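A.B. asks: Pasting my_file-v2.cif below, which is mmCIF, C-alpha atoms.
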```cif
data_input
#
loop_
_atom_site.label_atom_id
_atom_site.label_comp_id
_atom_site.auth_asym_id
_atom_site.auth_seq_id
_atom_site.Cartn_x
_atom_site.Cartn_y
_atom_site.Cartn_z
CA MET A 1 -52.39 -21.49 -36.40
CA LYS A 2 -48.89 -21.53 -37.73
CA THR A 3 -49.57 -18.28 -39.58
CA ILE A 4 -50.84 -16.57 -36.45
CA VAL A 5 -47.77 -17.60 -34.54
CA ARG A 6 -45.56 -16.26 -37.30
CA LEU A 7 -47.52 -13.02 -37.37
CA LEU A 8 -47.22 -12.64 -33.62
CA ALA A 9 -43.52 -13.35 -33.79
CA VAL A 10 -43.02 -10.73 -36.46
CA LEU A 11 -45.17 -8.31 -34.48
CA LEU A 12 -42.95 -8.82 -31.44
CA VAL A 13 -39.85 -8.33 -33.56
CA GLY A 14 -41.40 -5.08 -34.76
CA VAL A 15 -42.12 -3.96 -31.21
CA ALA A 16 -38.56 -4.78 -30.22
CA MET A 17 -37.21 -2.83 -33.17
CA GLY A 18 -39.42 0.11 -32.27
CA LEU A 19 -38.23 0.05 -28.68
CA VAL A 20 -34.58 -0.18 -29.67
CA TYR A 21 -35.00 2.74 -32.04
CA GLY A 22 -37.07 4.79 -29.61
CA TRP A 23 -35.01 4.18 -26.49
CA LEU A 24 -31.49 3.66 -27.77
CA ILE A 25 -30.99 4.97 -31.27
CA ARG A 26 -33.18 8.02 -31.16
CA PRO A 27 -34.60 8.51 -27.68
CA VAL A 28 -36.81 11.43 -26.74
CA HIS A 29 -34.48 14.38 -26.45
CA TYR A 30 -35.42 16.90 -23.82
CA VAL A 31 -34.11 20.34 -24.52
CA ASP A 32 -36.31 22.61 -22.48
CA THR A 33 -35.93 21.24 -18.98
CA ALA A 34 -36.12 23.15 -15.73
CA PRO A 35 -33.56 23.27 -12.92
CA GLY A 36 -35.87 21.07 -10.86
CA ASN A 37 -35.00 18.14 -13.12
CA LEU A 38 -31.26 18.45 -12.68
CA ARG A 39 -29.28 15.44 -11.51
CA SER A 40 -28.47 15.53 -7.83
CA ASP A 41 -24.83 16.53 -8.33
CA TYR A 42 -25.84 19.43 -10.54
CA ARG A 43 -28.59 20.38 -8.10
CA THR A 44 -26.08 20.43 -5.31
CA ASP A 45 -23.73 22.59 -7.32
CA TYR A 46 -26.64 24.89 -8.15
CA VAL A 47 -27.42 25.29 -4.46
CA LEU A 48 -23.72 25.78 -3.72
CA MET A 49 -23.57 28.58 -6.26
CA VAL A 50 -26.59 30.21 -4.67
CA ALA A 51 -24.87 29.91 -1.30
CA GLN A 52 -21.62 31.36 -2.62
CA SER A 53 -23.47 34.26 -4.12
CA TYR A 54 -25.42 34.76 -0.91
CA ALA A 55 -22.25 34.69 1.16
CA SER A 56 -21.05 37.68 -0.79
CA SER A 57 -24.25 39.65 -1.29
CA GLN A 58 -26.24 38.66 1.82
CA ASP A 59 -29.30 38.97 -0.42
CA LEU A 60 -31.55 36.31 1.02
CA GLN A 61 -34.53 37.12 -1.19
CA SER A 62 -32.48 36.65 -4.31
CA ALA A 63 -31.25 33.32 -2.95
CA GLN A 64 -34.83 32.25 -2.24
CA VAL A 65 -35.94 33.17 -5.75
CA ARG A 66 -33.08 31.20 -7.26
CA LEU A 67 -33.78 28.19 -5.07
CA ALA A 68 -37.46 28.35 -5.99
CA SER A 69 -36.45 27.23 -9.49
CA LEU A 70 -35.49 23.86 -8.04
CA GLY A 71 -39.02 22.98 -7.08
CA PRO A 72 -41.77 23.47 -4.57
CA GLN A 73 -39.79 22.32 -1.55
CA ALA A 74 -38.90 24.79 1.15
CA ALA A 75 -35.67 26.57 0.33
CA ALA A 76 -34.11 25.50 3.62
CA ASP A 77 -34.88 21.87 2.83
CA LEU A 78 -33.23 22.18 -0.57
CA VAL A 79 -30.10 23.51 1.07
CA THR A 80 -30.20 20.76 3.67
CA GLN A 81 -30.40 18.17 0.90
CA ALA A 82 -27.45 19.79 -0.82
CA LEU A 83 -25.54 19.76 2.45
CA THR A 84 -26.22 16.07 2.90
CA TYR A 85 -24.99 15.36 -0.62
CA ALA A 86 -21.96 17.55 -0.07
CA VAL A 87 -21.06 15.76 3.16
CA ASP A 88 -21.53 12.35 1.54
CA HIS A 89 -19.29 13.33 -1.35
CA GLU A 90 -16.63 14.98 0.77
CA PHE A 91 -16.94 18.55 -0.45
CA SER A 92 -14.39 20.92 1.00
CA ARG A 93 -14.84 22.41 4.43
CA TYR A 94 -15.25 25.81 2.81
CA ASP A 95 -18.12 24.61 0.61
CA LEU A 96 -19.84 22.98 3.57
CA ASP A 97 -19.54 26.15 5.62
CA THR A 98 -20.93 28.20 2.76
CA LEU A 99 -23.92 25.91 2.40
CA ASN A 100 -24.43 25.81 6.13
CA MET A 101 -24.45 29.58 6.34
CA LEU A 102 -27.27 29.77 3.80
CA ALA A 103 -29.19 27.00 5.55
CA ILE A 104 -28.98 28.87 8.83
CA ALA A 105 -30.07 32.13 7.24
CA LEU A 106 -33.08 30.46 5.63
CA ARG A 107 -34.07 28.74 8.86
CA GLU A 108 -33.81 31.96 10.79
CA ALA A 109 -35.78 33.93 8.25
CA ALA A 110 -39.49 34.39 8.69
CA PRO A 111 -41.58 31.75 6.91
CA THR A 112 -41.78 33.94 3.83
CA ALA A 113 -40.95 37.57 3.55
CA GLU A 114 -44.15 39.49 2.94
CA ILE A 115 -44.17 42.25 0.39
CA GLN A 116 -45.14 45.38 2.19
CA SER A 117 -48.18 47.27 1.15
CA PRO A 118 -47.68 50.76 -0.24
CA MET Q 1 -47.34 -13.00 -51.68
CA LYS Q 2 -50.29 -12.43 -49.37
CA GLY Q 3 -48.42 -14.02 -46.51
CA ALA Q 4 -45.45 -11.76 -47.07
CA LEU Q 5 -47.69 -8.69 -47.02
CA LEU Q 6 -49.25 -9.83 -43.80
CA LEU Q 7 -45.85 -10.31 -42.23
CA LEU Q 8 -44.80 -6.89 -43.40
CA ALA Q 9 -47.94 -5.32 -41.99
CA ALA Q 10 -47.39 -7.09 -38.68
CA LEU Q 11 -43.83 -5.87 -38.58
CA GLY Q 12 -44.92 -2.31 -39.31
CA LEU Q 13 -47.60 -2.52 -36.66
CA GLY Q 14 -45.10 -3.84 -34.18
CA ILE Q 15 -42.62 -1.06 -34.90
CA ALA Q 16 -45.37 1.52 -34.56
CA ALA Q 17 -46.44 0.01 -31.25
CA GLY Q 18 -42.86 -0.05 -30.02
CA LEU Q 19 -42.26 3.55 -30.98
CA TYR Q 20 -45.53 4.62 -29.41
CA TYR Q 21 -44.49 2.97 -26.17
CA ALA Q 22 -40.92 4.26 -26.30
CA TRP Q 23 -41.76 7.83 -27.22
CA GLY Q 24 -45.23 8.32 -25.86
CA VAL Q 25 -46.07 5.95 -23.03
CA ASN Q 26 -42.74 5.39 -21.38
CA PRO Q 27 -40.14 7.73 -22.82
CA VAL Q 28 -36.63 8.02 -21.52
CA SER Q 29 -36.81 9.60 -18.09
CA TYR Q 30 -35.62 13.16 -17.85
CA THR Q 31 -35.27 13.45 -14.12
CA ASP Q 32 -31.49 13.45 -14.18
CA THR Q 33 -30.79 16.15 -16.69
CA SER Q 34 -27.70 18.24 -17.10
CA PRO Q 35 -27.57 22.03 -17.21
CA ALA Q 36 -26.99 21.86 -20.96
CA SER Q 37 -30.58 20.75 -21.47
CA LEU Q 38 -32.11 23.67 -19.61
CA ARG Q 39 -34.62 25.90 -21.32
CA ASP Q 40 -33.11 29.12 -22.63
CA ASP Q 41 -34.34 31.32 -19.80
CA PHE Q 42 -33.23 28.85 -17.12
CA ARG Q 43 -29.92 28.48 -18.95
CA ALA Q 44 -29.46 32.24 -18.79
CA ASP Q 45 -30.25 32.17 -15.09
CA TYR Q 46 -27.82 29.31 -14.57
CA LEU Q 47 -25.02 31.11 -16.39
CA THR Q 48 -25.76 34.22 -14.37
CA LEU Q 49 -25.57 32.18 -11.20
CA ILE Q 50 -22.20 30.80 -12.27
CA ALA Q 51 -21.03 34.36 -12.81
CA SER Q 52 -22.39 35.52 -9.46
CA ALA Q 53 -20.68 32.64 -7.68
CA TYR Q 54 -17.45 33.42 -9.51
CA ASP Q 55 -17.81 37.07 -8.61
CA ALA Q 56 -18.13 36.03 -4.97
CA THR Q 57 -15.33 33.48 -4.85
CA GLY Q 58 -12.91 34.42 -7.63
CA ASP Q 59 -12.46 30.72 -8.36
CA ILE Q 60 -11.92 30.80 -12.12
CA GLN Q 61 -11.14 27.08 -12.37
CA ARG Q 62 -14.46 26.18 -10.89
CA ALA Q 63 -16.30 28.74 -12.99
CA ARG Q 64 -14.60 27.41 -16.11
CA ALA Q 65 -15.64 23.86 -15.23
CA ARG Q 66 -19.20 24.97 -14.63
CA VAL Q 67 -19.43 26.87 -17.90
CA ALA Q 68 -17.91 23.89 -19.70
CA LEU Q 69 -21.11 21.96 -18.94
CA PHE Q 70 -22.76 23.97 -21.69
CA ALA Q 71 -20.15 22.97 -24.27
CA TYR Q 72 -19.83 26.39 -25.84
CA ALA Q 73 -16.92 26.54 -28.23
CA ASP Q 74 -16.19 30.05 -27.00
CA PRO Q 75 -18.25 30.98 -23.95
CA GLY Q 76 -16.85 34.50 -23.65
CA PRO Q 77 -19.01 36.15 -26.33
CA VAL Q 78 -22.04 34.21 -25.13
CA LEU Q 79 -21.60 35.51 -21.59
CA ALA Q 80 -20.85 39.03 -22.80
CA ALA Q 81 -24.01 39.06 -24.93
CA LEU Q 82 -26.00 37.73 -22.01
CA ALA Q 83 -24.60 40.50 -19.81
CA GLN Q 84 -25.74 43.13 -22.28
CA GLN Q 85 -29.10 41.48 -22.70
CA ARG Q 86 -29.81 41.33 -18.99
CA LEU Q 87 -28.61 44.86 -18.46
CA ALA Q 88 -30.97 46.05 -21.19
CA GLN Q 89 -33.81 44.12 -19.60
CA GLY Q 90 -33.33 45.83 -16.29
CA TRP Q 91 -31.83 42.96 -14.31
CA PRO Q 92 -29.59 44.00 -11.42
CA GLU Q 93 -26.48 45.66 -12.73
CA GLY Q 94 -24.35 43.53 -10.41
CA GLU Q 95 -25.42 40.40 -12.29
CA ALA Q 96 -24.55 41.90 -15.65
CA ARG Q 97 -21.23 43.04 -14.29
CA ALA Q 98 -20.48 39.59 -12.93
CA LEU Q 99 -21.29 38.07 -16.31
CA ALA Q 100 -19.07 40.56 -18.07
CA ARG Q 101 -16.26 39.90 -15.63
CA LEU Q 102 -16.52 36.17 -16.12
CA ALA Q 103 -16.67 36.61 -19.89
CA ALA Q 104 -13.54 38.70 -19.81
CA ASP Q 105 -11.69 36.44 -17.38
CA LEU Q 106 -12.50 33.33 -19.37
CA GLN Q 107 -11.06 35.00 -22.41
CA GLY Q 108 -8.08 36.22 -20.47
CA VAL Q 109 -8.71 39.87 -21.22
CA SER Q 110 -9.71 42.64 -18.94
CA ALA Q 111 -12.01 44.35 -21.37
CA SER Q 112 -15.69 44.41 -20.76
CA THR Q 113 -18.47 45.07 -23.15
CA LEU Q 114 -20.35 46.88 -20.46
CA GLY Q 115 -20.18 50.61 -20.46
CA THR Q 116 -20.93 50.63 -16.77
CA GLN Q 117 -18.03 48.45 -15.77
CA ALA Q 118 -16.67 49.21 -12.35
CA THR Q 119 -13.07 50.23 -12.47
CA THR Q 120 -10.48 50.36 -9.79
CA PRO Q 121 -9.50 53.95 -9.22
CA PRO Q 122 -5.91 54.67 -10.18
CA PRO Q 123 -3.49 55.29 -7.34
CA ALA Q 124 -3.15 58.89 -6.33
CA GLY Q 125 -0.57 60.77 -8.27
CA SER Q 126 -0.60 58.44 -11.20
CA PRO Q 127 -1.06 60.01 -14.59
CA ALA Q 128 -4.57 60.27 -15.81
CA PRO Q 129 -5.49 57.22 -17.78
CA THR Q 130 -5.65 57.67 -21.48
CA ARG Q 131 -8.40 56.11 -23.45
CA THR Q 132 -7.02 53.24 -25.42
CA VAL Q 133 -8.72 50.92 -27.77
CA THR Q 134 -9.04 47.60 -26.07
CA PRO Q 135 -10.04 44.43 -27.79
CA ILE Q 136 -13.69 43.97 -27.11
CA PRO Q 137 -15.16 40.58 -27.69
CA SER Q 138 -17.79 41.36 -30.22
CA PRO Q 139 -20.87 39.32 -29.56
CA ALA Q 140 -22.06 37.33 -32.47
CA PRO Q 141 -25.23 38.59 -34.09
CA THR Q 142 -28.09 37.43 -32.01
CA ARG Q 143 -31.81 37.46 -32.20
CA THR Q 144 -33.62 40.37 -30.69
CA PRO Q 145 -33.23 39.81 -26.97
CA THR Q 146 -36.23 38.40 -25.21
CA SER Q 147 -36.45 37.73 -21.53
CA THR Q 148 -37.79 34.24 -22.10
CA PRO Q 149 -37.89 32.13 -25.19
CA GLY Q 150 -41.12 32.04 -27.08
CA ALA Q 151 -43.92 34.49 -27.13
CA PRO Q 152 -44.39 36.88 -24.21
CA PHE Q 153 -46.72 35.80 -21.47
CA ARG Q 154 -50.31 36.84 -22.01
CA LEU Q 155 -53.01 37.64 -19.52
CA LEU Q 156 -55.34 34.68 -19.43
CA GLU Q 157 -57.68 35.61 -16.62
CA ARG Q 158 -58.45 38.73 -14.67
CA GLU Q 159 -60.81 37.94 -11.88
CA PRO Q 160 -62.02 39.84 -8.82
CA VAL Q 161 -61.87 37.68 -5.72
CA CYS Q 162 -63.94 38.04 -2.59
CA ASP Q 163 -62.47 35.96 0.19
CA ASP Q 164 -62.49 37.38 3.67
CA ALA Q 165 -60.14 34.60 4.77
CA PHE Q 166 -57.29 36.59 3.25
CA GLY Q 167 -57.77 39.31 5.85
CA ARG Q 168 -56.46 41.91 3.39
CA PRO Q 169 -56.83 42.71 -0.29
CA LEU Q 170 -54.30 40.81 -2.34
CA LEU Q 171 -53.05 41.08 -5.85
CA GLN Q 172 -52.57 37.42 -6.70
CA VAL Q 173 -50.59 36.47 -9.76
CA ILE Q 174 -50.32 32.98 -11.18
CA VAL Q 175 -47.88 32.32 -13.99
CA VAL Q 176 -47.91 29.15 -16.06
CA ASP Q 177 -46.04 28.13 -19.16
CA ALA Q 178 -47.46 26.86 -22.42
CA ALA Q 179 -47.84 23.40 -20.91
CA ASP Q 180 -49.85 24.87 -18.03
CA GLN Q 181 -46.99 24.20 -15.63
CA PRO Q 182 -46.36 26.82 -12.93
CA VAL Q 183 -43.38 29.07 -13.53
CA PRO Q 184 -41.39 30.07 -10.44
CA GLY Q 185 -39.15 33.09 -10.32
CA SER Q 186 -41.25 35.26 -12.63
CA GLU Q 187 -40.83 38.90 -11.75
CA VAL Q 188 -43.98 40.96 -11.44
CA ARG Q 189 -43.85 44.74 -11.35
CA VAL Q 190 -46.54 46.66 -9.54
CA VAL Q 191 -46.94 50.37 -10.09
CA TRP Q 192 -49.34 52.78 -8.44
CA ASP Q 193 -49.61 56.54 -8.40
CA THR Q 194 -47.15 57.10 -5.61
CA GLY Q 195 -44.76 54.23 -5.96
CA GLN Q 196 -43.82 50.91 -7.40
CA ASP Q 197 -42.59 47.54 -6.23
CA HIS Q 198 -41.95 44.10 -7.56
CA PHE Q 199 -42.27 40.55 -6.41
CA PHE Q 200 -41.57 37.06 -7.69
CA THR Q 201 -43.60 33.95 -8.11
CA GLY Q 202 -42.47 30.90 -6.19
CA LEU Q 203 -41.75 32.53 -2.84
CA LYS Q 204 -44.82 30.89 -1.33
CA PRO Q 205 -44.41 27.37 -2.61
CA ASP Q 206 -47.20 26.10 -0.41
CA LEU Q 207 -49.56 28.11 -2.62
CA GLY Q 208 -47.91 26.95 -5.83
CA VAL Q 209 -44.52 27.66 -7.33
CA GLY Q 210 -46.11 29.82 -10.01
CA TYR Q 211 -47.91 31.92 -7.42
CA GLY Q 212 -47.02 35.30 -6.02
CA ASP Q 213 -48.99 38.03 -4.32
CA PHE Q 214 -48.85 41.61 -3.23
CA GLU Q 215 -50.86 43.37 -0.56
CA MET Q 216 -53.03 46.13 -1.98
CA SER Q 217 -54.24 49.23 -0.23
CA PRO Q 218 -57.92 50.11 -0.48
CA GLY Q 219 -58.59 53.03 -2.78
CA VAL Q 220 -55.31 52.70 -4.64
CA THR Q 221 -55.30 51.75 -8.32
CA TYR Q 222 -52.53 49.48 -9.50
CA THR Q 223 -50.98 48.54 -12.78
CA VAL Q 224 -49.33 45.14 -12.98
CA GLN Q 225 -46.89 43.90 -15.54
CA LEU Q 226 -45.16 40.61 -15.73
CA VAL Q 227 -41.57 41.31 -16.72
CA ASP Q 228 -41.87 38.58 -19.33
CA SER Q 229 -44.98 40.12 -20.79
CA ASP Q 230 -45.57 43.17 -22.92
CA GLN Q 231 -49.11 43.51 -21.69
CA PRO Q 232 -49.62 45.70 -18.60
CA VAL Q 233 -52.80 45.14 -16.65
CA THR Q 234 -54.26 48.43 -15.56
CA GLY Q 235 -57.02 49.68 -13.33
CA LEU Q 236 -56.73 47.20 -10.51
CA THR Q 237 -58.43 48.65 -7.46
CA PRO Q 238 -59.65 46.61 -4.51
CA GLY Q 239 -63.37 46.23 -5.02
CA GLU Q 240 -66.00 46.08 -2.34
CA CYS Q 241 -67.05 42.68 -1.07
CA THR Q 242 -69.76 41.79 1.38
CA ALA Q 243 -69.19 39.21 4.06
CA ALA Q 244 -71.82 36.74 5.24
CA ASP Q 245 -72.59 38.95 8.19
CA GLY Q 246 -73.25 41.93 5.91
CA THR Q 247 -70.03 43.78 6.62
CA HIS Q 248 -67.99 45.10 3.75
CA TYR Q 249 -64.34 44.46 3.10
CA PRO Q 250 -61.95 45.23 0.23
CA GLY Q 251 -61.66 42.52 -2.38
CA SER Q 252 -58.67 41.02 -4.14
CA TRP Q 253 -57.69 40.43 -7.74
CA ARG Q 254 -56.40 37.26 -9.32
CA LEU Q 255 -54.43 37.47 -12.54
CA ARG Q 256 -53.34 34.42 -14.47
CA PHE Q 257 -50.63 34.69 -17.11
CA GLN Q 258 -49.70 32.03 -19.57
CA GLN Q 259 -47.02 31.79 -22.19
CA PRO Q 260 -48.56 30.92 -25.55
CA GLU Q 261 -47.17 28.13 -27.66
CA ARG Q 262 -44.17 29.19 -29.68
#
```
Please re-express this file's structure in structure tokens.
C.D. replies:
Amino acid sequence: MKTIVRLLAVLLVGVAMGLVYGWLIRPVHYVDTAPGNLRSDYRTDYVLMVAQSYASSQDLQSAQVRLASLGPQAAADLVTQALTYAVDHEFSRYDLDTLNMLAIALREAAPTAEIQSP
Amino acid sequence: MKGALLLLAALGLGIAAGLYYAWGVNPVSYTDTSPASLRDDFRADYLTLIASAYDATGDIQRARARVALFAYADPGPVLAALAQQRLAQGWPEGEARALARLAADLQGVSASTLGTQATTPPPAGSPAPTRTVTPIPSPAPTRTPTSTPGAPFRLLEREPVCDDAFGRPLLQVIVVDAADQPVPGSEVRVVWDTGQDHFFTGLKPDLGVGYGDFEMSPGVTYTVQLVDSDQPVTGLTPGECTAADGTHYPGSWRLRFQQPER
């Protein structure tokens, strides 16, 4: 009985060592992530960059393609989320206007631009 | 002695179990990643987006801070090489120019490695500009440019589809990566005898972020090529399908591309 307890104790120590090594010392290192996994501040900045680029080019399709990298949500929703984050974190008025302009353009656009047949 | 071996075995078993749990079952979450961890193609897109935003706003401080997320010792040559790469791959020239501009501005020089750089016309009456040798940031030797890391996407399935619910013949393209995950933003070129067009996956997220389609015309034969693939798919003509009521309608095609393992 005493041996079993000692074995179990050592086993648990081993598990703990494995967890410490696997989580803290050498955790899984992700190197090939997608924009959809970005932290919310980076996501917001990504959307802001798309909006800034759109403000200059007025190329809504390009903006939609870029936003599609962030995940399956509707592009307008992604921009709305970014706007909410930007408001909460007191982005400048200029940034908010830029985001808002893209949000409006996406809302006004048809559900999805159809590629015309030849 | 036997007891010590048993303890050692138990310890080893425990470590193995712990590592299995930490690496396999419940690894560190990667939902809050930084741009530096992006896959090479997404990283290139991100850098291009930084350049486009800079091109639109002229805010060099912000662009510098954004590029700094990638921790390049000298981002200028990286951006310049990316500009050349994307130009060679047929991406919009404006993007390449924006990258070249950012590369130059981050280095504090006005030179560009792009031969197609837009220049401000000299004021009238000024002497004609003489060609001078300007310091050009020479990009470090790089691998042969590829549009995405890893092997080019390969055609996995080519399947005629009869579905009168579509209402029109469609060229449906589904793009997945090596892990079978849908890939949004993949450019697909469509060429037929009198024209060509392109579209991207991910514009109809309700049908899947790796999905894109193109409306075909009956009687027209199309060739399709994923930009990230070296394998054109030829001879795609809407076939003839028969509806339940016996009427005929033009059919669609479904192509599925996948990136092989590296």
A.B. asks: Find the residues in chain A near chain Q: any atom within 6 Å counts, using all atoms listed in the file. Write them as a ChimeraX atom specification.
C.D. replies: /A:7,10-11,14-15,17-19,22-23,31-34,37-39,49,52-53,56,65,68-69,72,115,117
A.B. asks: Please list, as a PyMOL selection string, the residues that have an atom at most 9 Å away from (-36.9, 42.0, -15.3) in the coordinates of this file, counting all atoms listed in the file.
C.D. replies: chain Q and resi 86+89-92+147+186-189+226-228
A.B. asks: Could you jot down the atom CA of Q:Gln258 to atom CA of A:Ala75 separation for me, Å, one decimal place?
C.D. replies: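 Interatomic distance, atom CA of Q:Gln258 to atom CA of A:Ala75: 25.0 Å.
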A.B. asks: For Q:Pro160, list every protein, DNA or RNA residue within 8 Å, evaluated using only C-alpha atoms, and leave out those in the same chain fewer than 6 positions away; present the list as a ChimeraX atom specification.
C.D. replies: /Q:239,251-254
A.B. asks: In Å, how far is it from atom CA of A:Leu106 to atom CA of A:Thr84?
C.D. replies: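 Atom CA of A:Thr84 lies at a distance of 16.2 Å from atom CA of A:Leu106.
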A.B. asks: Excluding A:Gly36 and residues on its chain fewer than 5 positions from it, collect all residues at most 8 Å away from it, counting all atoms listed in the file, and give them as a PyMOL selection string.
C.D. replies: chain A and resi 43+69-71
A.B. asks: Atom CA of Q:Leu171 to atom CA of Q:Cys241: how many Å, to one decimal?
C.D. replies: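 Atom CA of Q:Leu171 sits 14.9 Å away from atom CA of Q:Cys241.
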A.B. asks: Decode the PyMOL selection byres ((chain Q and resi 260) around 7) for the given file into explicit residues and return them as a ChimeraX atom specification.
C.D. replies: /Q:151,153,178,258-259,261-262
A.B. asks: Determine, counting all atoms listed in the file, which protein, DNA and RNA residues have an atom within 8 Å of an atom of Q:Leu79; residues of the same chain fewer than 4 positions away are not included. Present the result as an MDAnalysis selection string.
C.D. replies: chainID Q and resid 47 75 83 99:100 102:103
A.B. asks: Apply the PyMOL selection byres ((chain Q and resi 221) around 8) to the file shown and report the selected residues as a list in words.
C.D. replies: Trp192, Asp193, Gly219, Val220, Tyr222, Thr223, Gly235, Leu236, Thr237 and Pro238 of chain Q
A.B. asks: Counting all atoms listed in the file, which of Q:Pro218, Q:Pro77, Q:Pro152, Q:Pro250 gets nearest to Q:Asp230?
C.D. replies: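 Among the listed residues, the smallest separation from Q:Asp230 belongs to Q:Pro152.
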